[in-house]
Amino acid sequence: MENFVVTFARGFGSGGKEIASKLAAELGIHCYENRILTLASQMSGLDEQLFSEVNEKIRSHGSFASLLKGLPRSRNYISRNEKFVSDDKLFEYQKQIIENLADTESCCIVGKCADWILRGRPNVVSIYIEAPRAFCVERTIEHMGVTPEVASATIEHTDAYRADYYKYYTHGNYWTNPVNYDLTLNSERVGVDNCVKLIKDYLMIKGLIKGE
(Lines give C-alpha, C1' and ligand atoms only; values in the text may rest on other atoms or scores of the structure.)
Protein backbone atom coordinates (compact mmCIF):
# COMPACT_ATOMS: atom_id res chain seq x y z
CA MET A 1 0.00 0.00 0.00
CA GLU A 2 1.30 3.47 -0.84
CA ASN A 3 2.33 6.08 1.68
CA PHE A 4 -0.42 8.14 3.25
CA VAL A 5 -0.39 11.33 5.31
CA VAL A 6 -2.87 12.59 7.89
CA THR A 7 -2.62 16.33 8.47
CA PHE A 8 -4.02 18.00 11.57
CA ALA A 9 -5.11 21.58 12.14
CA ARG A 10 -6.37 22.29 15.63
CA GLY A 11 -7.55 24.96 18.00
CA PHE A 12 -5.24 25.48 20.96
CA GLY A 13 -6.22 23.24 23.86
CA SER A 14 -8.58 21.12 21.76
CA GLY A 15 -6.44 18.00 22.06
CA GLY A 16 -5.53 17.92 18.37
CA LYS A 17 -1.88 17.13 19.01
CA GLU A 18 -2.82 14.34 21.43
CA ILE A 19 -5.22 12.87 18.87
CA ALA A 20 -2.53 13.00 16.18
CA SER A 21 0.03 11.33 18.47
CA LYS A 22 -2.38 8.58 19.50
CA LEU A 23 -3.39 7.93 15.91
CA ALA A 24 0.23 7.71 14.82
CA ALA A 25 1.04 5.32 17.67
CA GLU A 26 -1.88 3.04 16.81
CA LEU A 27 -0.92 3.01 13.12
CA GLY A 28 2.78 2.53 13.81
CA ILE A 29 3.82 5.70 11.96
CA HIS A 30 5.61 8.92 12.97
CA CYS A 31 3.92 12.10 14.12
CA TYR A 32 5.70 15.33 13.19
CA GLU A 33 5.10 18.81 14.52
CA ASN A 34 7.72 21.01 16.16
CA ARG A 35 10.63 18.96 14.83
CA ILE A 36 9.71 20.26 11.36
CA LEU A 37 10.05 23.82 12.61
CA THR A 38 13.34 22.99 14.36
CA LEU A 39 14.89 21.52 11.22
CA ALA A 40 13.55 24.28 8.99
CA SER A 41 14.96 26.90 11.37
CA GLN A 42 18.36 25.24 11.22
CA MET A 43 18.22 25.13 7.45
CA SER A 44 17.06 28.72 7.08
CA GLY A 45 20.35 29.78 8.65
CA LEU A 46 22.30 28.20 5.78
CA ASP A 47 23.19 30.07 2.64
CA GLU A 48 21.46 28.85 -0.51
CA GLN A 49 24.38 26.85 -1.91
CA LEU A 50 25.07 25.08 1.38
CA PHE A 51 21.39 24.27 1.81
CA SER A 52 21.28 22.76 -1.68
CA GLU A 53 24.23 20.53 -0.80
CA VAL A 54 22.64 19.44 2.48
CA ASN A 55 19.29 18.88 0.75
CA GLU A 56 20.92 16.67 -1.89
CA LYS A 57 22.67 14.60 0.77
CA ILE A 58 19.43 14.19 2.71
CA ARG A 59 17.54 13.03 -0.36
CA SER A 60 20.26 10.55 -1.33
CA HIS A 61 20.23 9.00 2.16
CA GLY A 62 16.49 8.54 2.61
CA SER A 63 14.69 11.85 3.09
CA PHE A 64 14.28 14.38 5.85
CA ALA A 65 12.73 11.77 8.12
CA SER A 66 16.08 10.50 9.39
CA LEU A 67 17.05 14.01 10.50
CA LEU A 68 13.69 14.72 12.08
CA LYS A 69 13.83 11.51 14.11
CA GLY A 70 17.03 12.72 15.71
CA LEU A 71 15.52 16.01 16.86
CA PRO A 72 13.81 16.33 20.25
CA ARG A 73 10.03 16.18 20.39
CA SER A 74 8.49 18.94 22.45
CA ARG A 75 6.45 17.58 25.34
CA ASN A 76 4.93 20.93 26.22
CA TYR A 77 2.54 23.27 24.52
CA ILE A 78 4.24 25.92 22.43
CA SER A 79 2.13 29.05 22.59
CA ARG A 80 2.37 32.12 20.40
CA ASN A 81 1.97 35.29 22.40
CA GLU A 82 3.62 37.44 19.75
CA LYS A 83 1.98 38.75 16.61
CA PHE A 84 2.50 36.80 13.41
CA VAL A 85 5.47 37.99 11.37
CA SER A 86 6.03 36.29 8.02
CA ASP A 87 9.25 34.43 7.24
CA ASP A 88 8.98 33.22 3.65
CA LYS A 89 12.38 31.54 3.66
CA LEU A 90 11.57 29.50 6.77
CA PHE A 91 8.19 28.50 5.35
CA GLU A 92 9.78 27.35 2.09
CA TYR A 93 12.05 24.97 4.03
CA GLN A 94 9.09 23.69 6.04
CA LYS A 95 7.22 23.15 2.78
CA GLN A 96 10.11 21.13 1.33
CA ILE A 97 10.30 18.99 4.45
CA ILE A 98 6.54 18.31 4.44
CA GLU A 99 6.52 17.42 0.73
CA ASN A 100 9.52 15.15 1.21
CA LEU A 101 7.86 13.35 4.12
CA ALA A 102 4.68 12.84 2.07
CA ASP A 103 6.75 11.39 -0.77
CA THR A 104 8.69 8.96 1.37
CA GLU A 105 6.69 7.71 4.37
CA SER A 106 3.30 7.38 6.01
CA CYS A 107 2.98 9.89 8.84
CA CYS A 108 0.86 12.40 10.73
CA ILE A 109 1.78 16.08 10.39
CA VAL A 110 0.42 18.64 12.85
CA GLY A 111 -0.01 22.26 11.75
CA LYS A 112 2.39 24.08 9.41
CA CYS A 113 -0.30 24.48 6.68
CA ALA A 114 0.34 20.84 5.79
CA ASP A 115 -3.21 20.37 4.54
CA TRP A 116 -2.75 23.24 2.08
CA ILE A 117 0.77 22.25 1.03
CA LEU A 118 -0.37 18.69 0.28
CA ARG A 119 -3.80 19.54 -1.12
CA GLY A 120 -4.87 17.55 -4.16
CA ARG A 121 -2.86 14.47 -3.24
CA PRO A 122 -5.13 11.42 -3.16
CA ASN A 123 -3.16 9.82 -0.32
CA VAL A 124 -3.64 12.76 2.08
CA VAL A 125 -6.42 13.07 4.66
CA SER A 126 -6.82 16.42 6.40
CA ILE A 127 -8.41 16.76 9.83
CA TYR A 128 -9.51 19.80 11.82
CA ILE A 129 -9.97 19.44 15.60
CA GLU A 130 -11.85 22.07 17.58
CA ALA A 131 -13.75 22.31 20.86
CA PRO A 132 -15.67 24.89 22.91
CA ARG A 133 -13.56 27.50 24.70
CA ALA A 134 -14.39 26.23 28.22
CA PHE A 135 -13.12 22.75 27.31
CA CYS A 136 -9.91 24.17 25.79
CA VAL A 137 -9.35 26.38 28.84
CA GLU A 138 -9.72 23.39 31.17
CA ARG A 139 -7.27 21.31 29.16
CA THR A 140 -4.78 24.18 28.99
CA ILE A 141 -4.94 24.70 32.75
CA GLU A 142 -4.35 20.97 33.24
CA HIS A 143 -1.42 20.72 30.83
CA MET A 144 0.28 24.06 31.48
CA GLY A 145 -0.50 24.56 35.17
CA VAL A 146 -1.69 28.14 34.65
CA THR A 147 -4.63 30.24 35.82
CA PRO A 148 -7.89 30.37 33.84
CA GLU A 149 -7.03 33.93 32.77
CA VAL A 150 -3.62 32.92 31.41
CA ALA A 151 -5.11 29.86 29.74
CA SER A 152 -7.80 31.92 28.01
CA ALA A 153 -5.31 34.56 26.86
CA THR A 154 -2.92 31.88 25.57
CA ILE A 155 -5.68 30.24 23.56
CA GLU A 156 -6.76 33.57 22.09
CA HIS A 157 -3.24 34.65 21.14
CA THR A 158 -2.17 31.27 19.77
CA ASP A 159 -5.29 30.78 17.67
CA ALA A 160 -4.96 34.31 16.29
CA TYR A 161 -1.34 33.57 15.37
CA ARG A 162 -2.32 30.32 13.66
CA ALA A 163 -5.11 32.04 11.74
CA ASP A 164 -2.81 34.82 10.51
CA TYR A 165 -0.09 32.29 9.63
CA TYR A 166 -2.52 30.17 7.61
CA LYS A 167 -4.09 33.14 5.84
CA TYR A 168 -0.72 34.54 4.80
CA TYR A 169 0.83 31.32 3.48
CA THR A 170 -2.33 30.09 1.75
CA HIS A 171 -2.78 33.48 0.07
CA GLY A 172 -6.06 34.39 1.70
CA ASN A 173 -7.69 31.11 2.64
CA TYR A 174 -8.83 30.82 6.23
CA TRP A 175 -7.75 28.28 8.77
CA THR A 176 -11.20 27.19 10.00
CA ASN A 177 -12.68 26.81 6.51
CA PRO A 178 -14.42 23.40 6.67
CA VAL A 179 -13.95 22.69 2.97
CA ASN A 180 -10.17 22.52 3.58
CA TYR A 181 -10.62 19.30 5.54
CA ASP A 182 -11.95 15.77 5.14
CA LEU A 183 -13.24 15.71 8.71
CA THR A 184 -13.93 18.39 11.32
CA LEU A 185 -14.32 16.93 14.80
CA ASN A 186 -15.45 18.44 18.11
CA SER A 187 -13.11 16.78 20.59
CA GLU A 188 -15.31 17.57 23.60
CA ARG A 189 -18.40 15.93 22.13
CA VAL A 190 -16.65 13.07 20.36
CA GLY A 191 -13.85 12.45 22.88
CA VAL A 192 -10.15 12.11 22.15
CA ASP A 193 -10.13 8.32 21.78
CA ASN A 194 -13.26 8.29 19.63
CA CYS A 195 -11.73 10.96 17.39
CA VAL A 196 -8.83 8.56 16.81
CA LYS A 197 -11.27 5.75 16.05
CA LEU A 198 -13.30 7.86 13.62
CA ILE A 199 -10.19 8.95 11.74
CA LYS A 200 -9.02 5.32 11.46
CA ASP A 201 -12.46 4.35 10.15
CA TYR A 202 -12.24 7.10 7.55
CA LEU A 203 -8.77 5.97 6.49
CA MET A 204 -10.24 2.50 5.92
CA ILE A 205 -13.10 3.98 3.89
CA LYS A 206 -10.52 5.80 1.75
CA GLY A 207 -8.60 2.56 1.28
CA LEU A 208 -5.45 3.98 2.89
CA ILE A 209 -5.30 1.39 5.66
CA LYS A 210 -6.70 -2.12 5.96
CA GLY A 211 -9.46 -3.11 8.36
CA GLU A 212 -8.49 -4.83 11.57
# chains A, B, ... in the order shown; residues from 1 in each chain; ligands from 1
>>> select_by_dssp(residues="range 111-157 of chain A", states="helix (DSSP H, G or I)", output="PyMOL selection string")
chain A and resi 114-117+133-144+148-157
>>> write_last_selection(atoms="N, CA and C atoms", output="mmCIF file, in the first residue's frame")
data_model
loop_
_atom_site.group_PDB
_atom_site.id
_atom_site.type_symbol
_atom_site.label_atom_id
_atom_site.label_comp_id
_atom_site.auth_asym_id
_atom_site.auth_seq_id
_atom_site.Cartn_x
_atom_site.Cartn_y
_atom_site.Cartn_z
ATOM 1 N N ALA A 114 0.085 22.078 6.525
ATOM 2 C CA ALA A 114 0.345 20.844 5.787
ATOM 3 C C ALA A 114 -0.829 20.451 4.901
ATOM 4 N N ASP A 115 -2.054 20.709 5.364
ATOM 5 C CA ASP A 115 -3.215 20.371 4.536
ATOM 6 C C ASP A 115 -3.197 21.135 3.221
ATOM 7 N N TRP A 116 -2.780 22.399 3.281
ATOM 8 C CA TRP A 116 -2.745 23.240 2.082
ATOM 9 C C TRP A 116 -1.578 22.853 1.186
ATOM 10 N N ILE A 117 -0.432 22.621 1.788
ATOM 11 C CA ILE A 117 0.769 22.249 1.031
ATOM 12 C C ILE A 117 0.541 20.955 0.260
ATOM 13 N N ARG A 133 -14.604 26.796 23.954
ATOM 14 C CA ARG A 133 -13.556 27.495 24.702
ATOM 15 C C ARG A 133 -13.397 26.947 26.120
ATOM 16 N N ALA A 134 -14.493 26.692 26.826
ATOM 17 C CA ALA A 134 -14.390 26.227 28.217
ATOM 18 C C ALA A 134 -13.608 24.919 28.302
ATOM 19 N N PHE A 135 -13.835 24.024 27.351
ATOM 20 C CA PHE A 135 -13.118 22.749 27.308
ATOM 21 C C PHE A 135 -11.630 22.985 27.055
ATOM 22 N N CYS A 136 -11.312 23.875 26.125
ATOM 23 C CA CYS A 136 -9.914 24.172 25.790
ATOM 24 C C CYS A 136 -9.206 24.855 26.960
ATOM 25 N N VAL A 137 -9.926 25.728 27.663
ATOM 26 C CA VAL A 137 -9.350 26.385 28.841
ATOM 27 C C VAL A 137 -9.023 25.349 29.902
ATOM 28 N N GLU A 138 -9.938 24.432 30.154
ATOM 29 C CA GLU A 138 -9.723 23.395 31.170
ATOM 30 C C GLU A 138 -8.519 22.531 30.829
ATOM 31 N N ARG A 139 -8.409 22.132 29.573
ATOM 32 C CA ARG A 139 -7.268 21.312 29.160
ATOM 33 C C ARG A 139 -5.963 22.085 29.274
ATOM 34 N N THR A 140 -5.994 23.361 28.933
ATOM 35 C CA THR A 140 -4.780 24.182 28.993
ATOM 36 C C THR A 140 -4.326 24.377 30.434
ATOM 37 N N ILE A 141 -5.270 24.594 31.333
ATOM 38 C CA ILE A 141 -4.940 24.699 32.755
ATOM 39 C C ILE A 141 -4.283 23.407 33.229
ATOM 40 N N GLU A 142 -4.862 22.282 32.832
ATOM 41 C CA GLU A 142 -4.350 20.970 33.245
ATOM 42 C C GLU A 142 -2.948 20.710 32.718
ATOM 43 N N HIS A 143 -2.698 21.053 31.461
ATOM 44 C CA HIS A 143 -1.416 20.721 30.833
ATOM 45 C C HIS A 143 -0.324 21.760 31.109
ATOM 46 N N MET A 144 -0.719 23.009 31.289
ATOM 47 C CA MET A 144 0.283 24.060 31.478
ATOM 48 C C MET A 144 0.424 24.510 32.928
ATOM 49 N N PRO A 148 -6.917 30.279 34.929
ATOM 50 C CA PRO A 148 -7.895 30.372 33.844
ATOM 51 C C PRO A 148 -7.679 31.596 32.953
ATOM 52 N N GLU A 149 -7.253 32.705 33.555
ATOM 53 C CA GLU A 149 -7.031 33.925 32.774
ATOM 54 C C GLU A 149 -5.870 33.762 31.802
ATOM 55 N N VAL A 150 -4.785 33.157 32.279
ATOM 56 C CA VAL A 150 -3.624 32.922 31.414
ATOM 57 C C VAL A 150 -3.978 31.908 30.334
ATOM 58 N N ALA A 151 -4.713 30.879 30.707
ATOM 59 C CA ALA A 151 -5.109 29.860 29.737
ATOM 60 C C ALA A 151 -5.951 30.478 28.630
ATOM 61 N N SER A 152 -6.924 31.293 28.993
ATOM 62 C CA SER A 152 -7.802 31.923 28.011
ATOM 63 C C SER A 152 -7.024 32.850 27.090
ATOM 64 N N ALA A 153 -6.114 33.639 27.667
ATOM 65 C CA ALA A 153 -5.306 34.562 26.859
ATOM 66 C C ALA A 153 -4.384 33.797 25.919
ATOM 67 N N THR A 154 -3.811 32.685 26.402
ATOM 68 C CA THR A 154 -2.918 31.876 25.572
ATOM 69 C C THR A 154 -3.661 31.282 24.387
ATOM 70 N N ILE A 155 -4.862 30.781 24.638
ATOM 71 C CA ILE A 155 -5.685 30.238 23.562
ATOM 72 C C ILE A 155 -5.992 31.317 22.529
ATOM 73 N N GLU A 156 -6.401 32.483 23.007
ATOM 74 C CA GLU A 156 -6.764 33.570 22.091
ATOM 75 C C GLU A 156 -5.585 34.004 21.235
ATOM 76 N N HIS A 157 -4.425 34.191 21.864
ATOM 77 C CA HIS A 157 -3.243 34.653 21.141
ATOM 78 C C HIS A 157 -2.732 33.597 20.161
#
>>> residues_around(residues="Asp103 in chain A", least_positions_apart="4", cutoff="10 Å", atoms="only C-alpha atoms", output="VMD selection string")
chain A and resid 2 to 5 63 97 to 99
>>> write_last_selection(atoms="all heavy atoms", output="CSV table (one decimal), in the first residue's frame")
chain,number,residue,atom,x,y,z
A,2,GLU,N,0.5,2.3,-0.7
A,2,GLU,CA,1.3,3.5,-0.8
A,2,GLU,C,1.3,4.3,0.5
A,2,GLU,O,0.5,4.0,1.4
A,2,GLU,CB,0.8,4.4,-2.0
A,2,GLU,CG,-0.6,5.0,-1.7
A,2,GLU,CD,-1.1,5.9,-2.7
A,2,GLU,OE1,-0.2,6.4,-3.5
A,2,GLU,OE2,-2.3,6.2,-2.8
A,3,ASN,N,2.3,5.2,0.5
A,3,ASN,CA,2.3,6.1,1.7
A,3,ASN,C,1.1,6.9,1.8
A,3,ASN,O,0.4,7.2,0.8
A,3,ASN,CB,3.5,7.1,1.5
A,3,ASN,CG,4.8,6.4,1.5
A,3,ASN,OD1,5.0,5.3,2.1
A,3,ASN,ND2,5.8,7.0,0.9
A,4,PHE,N,0.7,7.2,3.0
A,4,PHE,CA,-0.4,8.1,3.3
A,4,PHE,C,0.0,9.1,4.3
A,4,PHE,O,0.9,8.9,5.2
A,4,PHE,CB,-1.7,7.4,3.6
A,4,PHE,CG,-1.6,6.7,5.0
A,4,PHE,CD1,-1.9,7.3,6.2
A,4,PHE,CD2,-1.2,5.4,5.0
A,4,PHE,CE1,-1.9,6.7,7.4
A,4,PHE,CE2,-1.1,4.7,6.2
A,4,PHE,CZ,-1.4,5.3,7.4
A,5,VAL,N,-0.7,10.3,4.3
A,5,VAL,CA,-0.4,11.3,5.3
A,5,VAL,C,-1.7,11.8,5.9
A,5,VAL,O,-2.7,12.0,5.2
A,5,VAL,CB,0.4,12.5,4.7
A,5,VAL,CG1,0.6,13.6,5.7
A,5,VAL,CG2,1.7,12.1,4.1
A,63,SER,N,15.6,10.8,2.7
A,63,SER,CA,14.7,11.9,3.1
A,63,SER,C,15.0,12.6,4.4
A,63,SER,O,16.0,12.3,5.1
A,63,SER,CB,13.3,11.3,3.2
A,63,SER,OG,13.0,10.8,4.5
A,97,ILE,N,10.3,20.1,3.5
A,97,ILE,CA,10.3,19.0,4.5
A,97,ILE,C,9.0,18.2,4.4
A,97,ILE,O,9.0,17.0,4.3
A,97,ILE,CB,10.6,19.5,5.9
A,97,ILE,CG1,12.0,20.1,6.0
A,97,ILE,CG2,10.4,18.4,6.9
A,97,ILE,CD1,12.3,20.9,7.2
A,98,ILE,N,7.9,18.9,4.4
A,98,ILE,CA,6.5,18.3,4.4
A,98,ILE,C,6.3,17.5,3.1
A,98,ILE,O,5.8,16.4,3.2
A,98,ILE,CB,5.4,19.4,4.6
A,98,ILE,CG1,5.5,19.9,6.1
A,98,ILE,CG2,4.1,18.8,4.3
A,98,ILE,CD1,4.7,21.1,6.4
A,99,GLU,N,6.7,18.1,2.0
A,99,GLU,CA,6.5,17.4,0.7
A,99,GLU,C,7.4,16.2,0.7
A,99,GLU,O,7.0,15.1,0.2
A,99,GLU,CB,6.8,18.4,-0.4
A,99,GLU,CG,5.8,19.5,-0.6
A,99,GLU,CD,6.2,20.5,-1.6
A,99,GLU,OE1,7.4,20.7,-1.9
A,99,GLU,OE2,5.3,21.2,-2.2
>>> atom_distance(atom1="CA of Gly28 in chain A", atom2="CA of Val125 in chain A")
16.7 Å
>>> atom_distance(atom1="CA of Asn194 in chain A", atom2="CA of Lys112 in chain A")
24.5 Å
>>> residues_around(residues="Ser187 in chain A", least_positions_apart="3", cutoff="7 Å", atoms="only C-alpha atoms", output="list in words")
Ser14, Gly15, Ile129, Glu130, Ala131, Val190, Gly191, Val192 and Cys195 of chain A
>>> closest_residue(among="A:Gly45, A:Pro132, A:Gly111, A:Gly11", to="Leu90 in chain A", atoms="only C-alpha atoms")
A:Gly45
>>> atom_distance(atom1="CA of Gly13 in chain A", atom2="CA of Cys108 in chain A")
18.4 Å
>>> residues_around(residues="Thr184 in chain A", least_positions_apart="6", cutoff="10 Å", atoms="only C-alpha atoms", output="JSON, numbers by chain")
{"A": [8, 9, 10, 126, 127, 128, 129, 130, 176, 177, 178, 195]}
>>> closest_residue(among="A:Tyr161, A:Asn100, A:Ile29, A:Glu92", to="Ser41 in chain A", atoms="only C-alpha atoms")
A:Glu92
>>> closest_residue(among="A:Val85, A:Ile109, A:Val124, A:Cys31", to="Leu203 in chain A", atoms="only C-alpha atoms")
A:Val124
>>> select_by_dssp(residues="range 86-212 of chain A", states="strand (DSSP E)", output="list in words")
Cys107, Cys108, Ile109, Val110, Val124, Val125, Ser126, Ile127, Tyr128, Ile129, Glu130, Leu183, Thr184, Leu185 and Asn186 of chain A
